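Contents: one structure, followed by commentary.
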Amino acid sequence: MAQIILADPCGFCGGVERALRIAEKELTDHPGEILYLLHDLVHNSMVSEDLKKRGGKTVPSVNDIPPGGHLLI
């Protein structure tokens with residue numbers, strides 16, 4: 001049987017952690033508003049789905065954001 005070894009520390013890199021903290025703050029500070037995300041912040045479907053449920057919307061291009069929309073890159 002294969003042995004799985006987790007690195008210590010493990011988890012998201014510092015940049016992704018920072019982006020997620022910013023997204024969390026924006027979604028909390030502006031409930032009901034859409035926070036546009038240019039592509040996925042992280043390649044983790046559970047985290048991406050949670051952001052979507054809370055008002056995050058992933059878009060492929062800045063052209064997909066309406067005037068006045070808030071964007072997190």
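Ordering of the structure tokens sets the chain letters (A, B, ...), residue numbers begin anew at 1 in every chain, and ligands are numbered from 1 in the order given.
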Q: Please provide the set of residues having any atom within 12 Å of range 53-69 of chain A, restricted to only C-alpha atoms, with same-chain residues fewer than 4 positions apart removed, written as a list in words.
A: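 Here the answer would be Leu20, Ile22, Ala23, Glu24, Lys25, Glu26, Leu27, Thr28, Asp29, His30, Pro31, Gly32, Glu33, Ile34, Leu35, Tyr36, Leu37, Leu38, His39, Asp40, Leu41, Val42, Met46, Val47, Ser48, Glu49 and Ile73 of chain A.
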Q. Just asking: which residues within chain A are helix (DSSP H, G or I) according to DSSP, as a PyMOL selection string?
A. chain A and resi 14-29+45-53+62-64
Q.
Under the rule that only C-alpha atoms are counted, which of A:Gly11, A:His70, A:Leu6, A:Arg21 is the nearest residue to Leu51 in chain A?
A.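 That would be A:Arg21, the residue with the smallest distance to Leu51 in chain A.
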Q) Got a sec to tell me which of chain A DSSP assigns to strand (DSSP E or B), as a count of residues only? A) 11
